[in-house]
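One structure below.
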Amino acid sequence: MICPACDSKLSEKTFDGIDIDVCDKGCGGLWFDWMELKKFDEPHEATGSEILDIIAQANASPDMDKRHKCPKCEDIVLYRHFFSVKKHVEIDECPTCGGFWLDAGELSALRSLFKNEEDRIKAAEDVFEDLFSGDLKKLKEKSKEEYQKARTIAKLFKFICPSNYISGKQDWGAW
């Protein structure tokens, strides 16, 4: 595979039984196939300790603003987004195969964001709460009002159009 950042050849290295494609002769970037990044992204995971030692070559200077193409999927452009709600580290992800491209130093930055998955989820819930709690409270109150109105209308129709239908006891319907 070819490095999406500097066009060097990626070499496959094995870390605790997991094959990762590494740009060790170029920019120092890392390619993680689908679900592999989860095994390396937390500081307590010993799996990722030796992968942090990969260093970019001095002569490699990738254009960090350039849109990268997926090294696995032909002609698919990776989309760049923040790894977490803290918005400290941008990563590139393939929308087709689910792989991730991390530029040099991004893995160690990811590992420093949260102690574990629970902390990451809690941070996301806190941000969601801050952003939407007021709106959600208003919608909930509005829903209660609409529910009460619907119940009132249903009671009126029940009074106007009474039914003798007992579920499962008649075969002729509700009227």
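Residues in the structure tokens are numbered from 1 in each chain, the chains being A, B, ... in the order shown, and ligands are numbered from 1 in the order shown.
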As a compact mmCIF listing (two decimals) with N, CA and C atoms, in the first residue's frame, please: every residue in region 38-120 of chain A that DSSP puts in helix (DSSP H, G or I).
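Once everything was written out, this is result38.txt:
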```
# COMPACT_ATOMS: atom_id res chain seq x y z
N LYS A 38 -9.28 0.81 17.98
CA LYS A 38 -9.83 0.62 19.33
C LYS A 38 -8.87 -0.13 20.24
N LYS A 39 -7.97 -0.91 19.68
CA LYS A 39 -7.04 -1.70 20.48
C LYS A 39 -5.79 -0.91 20.85
N ALA A 46 -1.45 -1.86 26.68
CA ALA A 46 -0.04 -2.13 26.43
C ALA A 46 0.22 -2.39 24.95
N THR A 47 -0.83 -2.75 24.24
CA THR A 47 -0.71 -3.06 22.82
C THR A 47 -0.06 -1.92 22.06
N GLY A 48 -0.37 -0.70 22.42
CA GLY A 48 0.09 0.43 21.64
C GLY A 48 1.40 1.04 22.05
N GLU A 50 4.72 0.15 21.92
CA GLU A 50 5.84 0.16 20.98
C GLU A 50 5.52 0.81 19.65
N ILE A 51 4.25 0.96 19.33
CA ILE A 51 3.88 1.63 18.08
C ILE A 51 4.14 3.13 18.17
N LEU A 52 4.23 3.65 19.38
CA LEU A 52 4.49 5.08 19.57
C LEU A 52 5.92 5.46 19.24
N ASP A 53 6.80 4.46 19.12
CA ASP A 53 8.22 4.72 18.85
C ASP A 53 8.52 4.97 17.38
N GLU A 106 -0.24 11.66 16.14
CA GLU A 106 -1.66 11.69 16.47
C GLU A 106 -2.07 10.55 17.40
N LEU A 107 -1.45 9.39 17.29
CA LEU A 107 -1.80 8.29 18.17
C LEU A 107 -1.47 8.62 19.62
N SER A 108 -0.30 9.19 19.87
CA SER A 108 0.03 9.55 21.26
C SER A 108 -0.89 10.66 21.76
N ALA A 109 -1.31 11.56 20.87
CA ALA A 109 -2.26 12.61 21.26
C ALA A 109 -3.62 11.99 21.61
N LEU A 110 -4.05 11.00 20.83
CA LEU A 110 -5.32 10.32 21.12
C LEU A 110 -5.28 9.62 22.47
N ARG A 111 -4.16 8.97 22.72
CA ARG A 111 -4.02 8.21 23.96
C ARG A 111 -4.00 9.11 25.19
N SER A 112 -3.69 10.37 25.01
CA SER A 112 -3.66 11.29 26.15
C SER A 112 -5.01 11.96 26.43
N LEU A 113 -5.99 11.80 25.55
CA LEU A 113 -7.28 12.48 25.71
C LEU A 113 -8.11 11.91 26.86
N GLU A 117 -12.55 4.16 27.76
CA GLU A 117 -13.74 4.36 26.92
C GLU A 117 -14.88 5.02 27.70
N GLU A 118 -15.02 4.67 28.97
CA GLU A 118 -16.09 5.25 29.80
C GLU A 118 -15.91 6.76 29.94
N ASP A 119 -14.67 7.23 30.11
CA ASP A 119 -14.41 8.66 30.20
C ASP A 119 -14.76 9.37 28.89
N ARG A 120 -14.46 8.72 27.76
CA ARG A 120 -14.77 9.30 26.46
C ARG A 120 -16.27 9.42 26.27
```
Quiz item: Any idea what's packed within 9 Å of Val85 (chain A), counting only C-alpha atoms, ignoring anything in its chain fewer than 6 positions away? Could you give it as an MDAnalysis selection string?
Solution: chainID A and resid 120 123:124 127
Saved selection, atoms kept: C-alpha atoms, as an mmCIF file, in the first residue's frame:
```
data_model
loop_
_atom_site.group_PDB
_atom_site.id
_atom_site.type_symbol
_atom_site.label_atom_id
_atom_site.label_comp_id
_atom_site.auth_asym_id
_atom_site.auth_seq_id
_atom_site.Cartn_x
_atom_site.Cartn_y
_atom_site.Cartn_z
ATOM 1 C CA ARG A 120 -14.766 9.302 26.461
ATOM 2 C CA ALA A 123 -17.376 13.539 27.957
ATOM 3 C CA ALA A 124 -19.629 13.109 24.911
ATOM 4 C CA VAL A 127 -21.245 17.990 25.739
#
```
Practice problem: Determine which residues of chain A DSSP labels as strand (DSSP E) from the backbone of this structure, then write them out as a PyMOL selection string. | Solution: chain A and resi 11-15+18-22+30-32+79-82+90-93+100-102
Self-check item: Which residue of A:Gly29, A:Gly98, A:Phe40, A:Ser133 approaches Asp16 (chain A) most closely, using only C-alpha atoms
Solution: A:Phe40
Quiz item: Out of A:Trp34, A:Tyr147, A:Phe114, A:Phe132, which residue has the shortest atom-to-atom distance to Lys86 (chain A) when counting only C-alpha atoms?
Solution: A:Phe114
Quiz item: Which polymer residues have any atom within 10 Å of an atom of Lys69 (chain A), counting only C-alpha atoms, with same-chain residues fewer than 6 positions away left out, as a list of chain:residue names?
Solution: A:Ile2, A:Cys3, A:Pro4, A:Ala5, A:Asp75, A:Ile76, A:Val77, A:Leu78, A:Tyr79, A:Asp92, A:Glu93, A:Cys94, A:Trp101
Residues from last step as file, C-alpha atoms, as a compact mmCIF listing (two decimals), in the first residue's frame:
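New file selection01.txt:
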```txt
# COMPACT_ATOMS: atom_id res chain seq x y z
CA ILE A 2 1.04 3.58 -0.59
CA CYS A 3 1.07 6.24 2.15
CA PRO A 4 -1.81 8.69 1.62
CA ALA A 5 0.23 11.56 3.09
CA ASP A 75 -10.28 6.54 -5.52
CA ILE A 76 -11.99 7.01 -2.13
CA VAL A 77 -11.12 10.22 -0.32
CA LEU A 78 -10.74 10.00 3.46
CA TYR A 79 -12.84 12.40 5.45
CA ASP A 92 -8.83 10.72 8.62
CA GLU A 93 -11.38 7.94 8.13
CA CYS A 94 -12.41 5.96 5.07
CA TRP A 101 -5.16 7.19 8.91
```
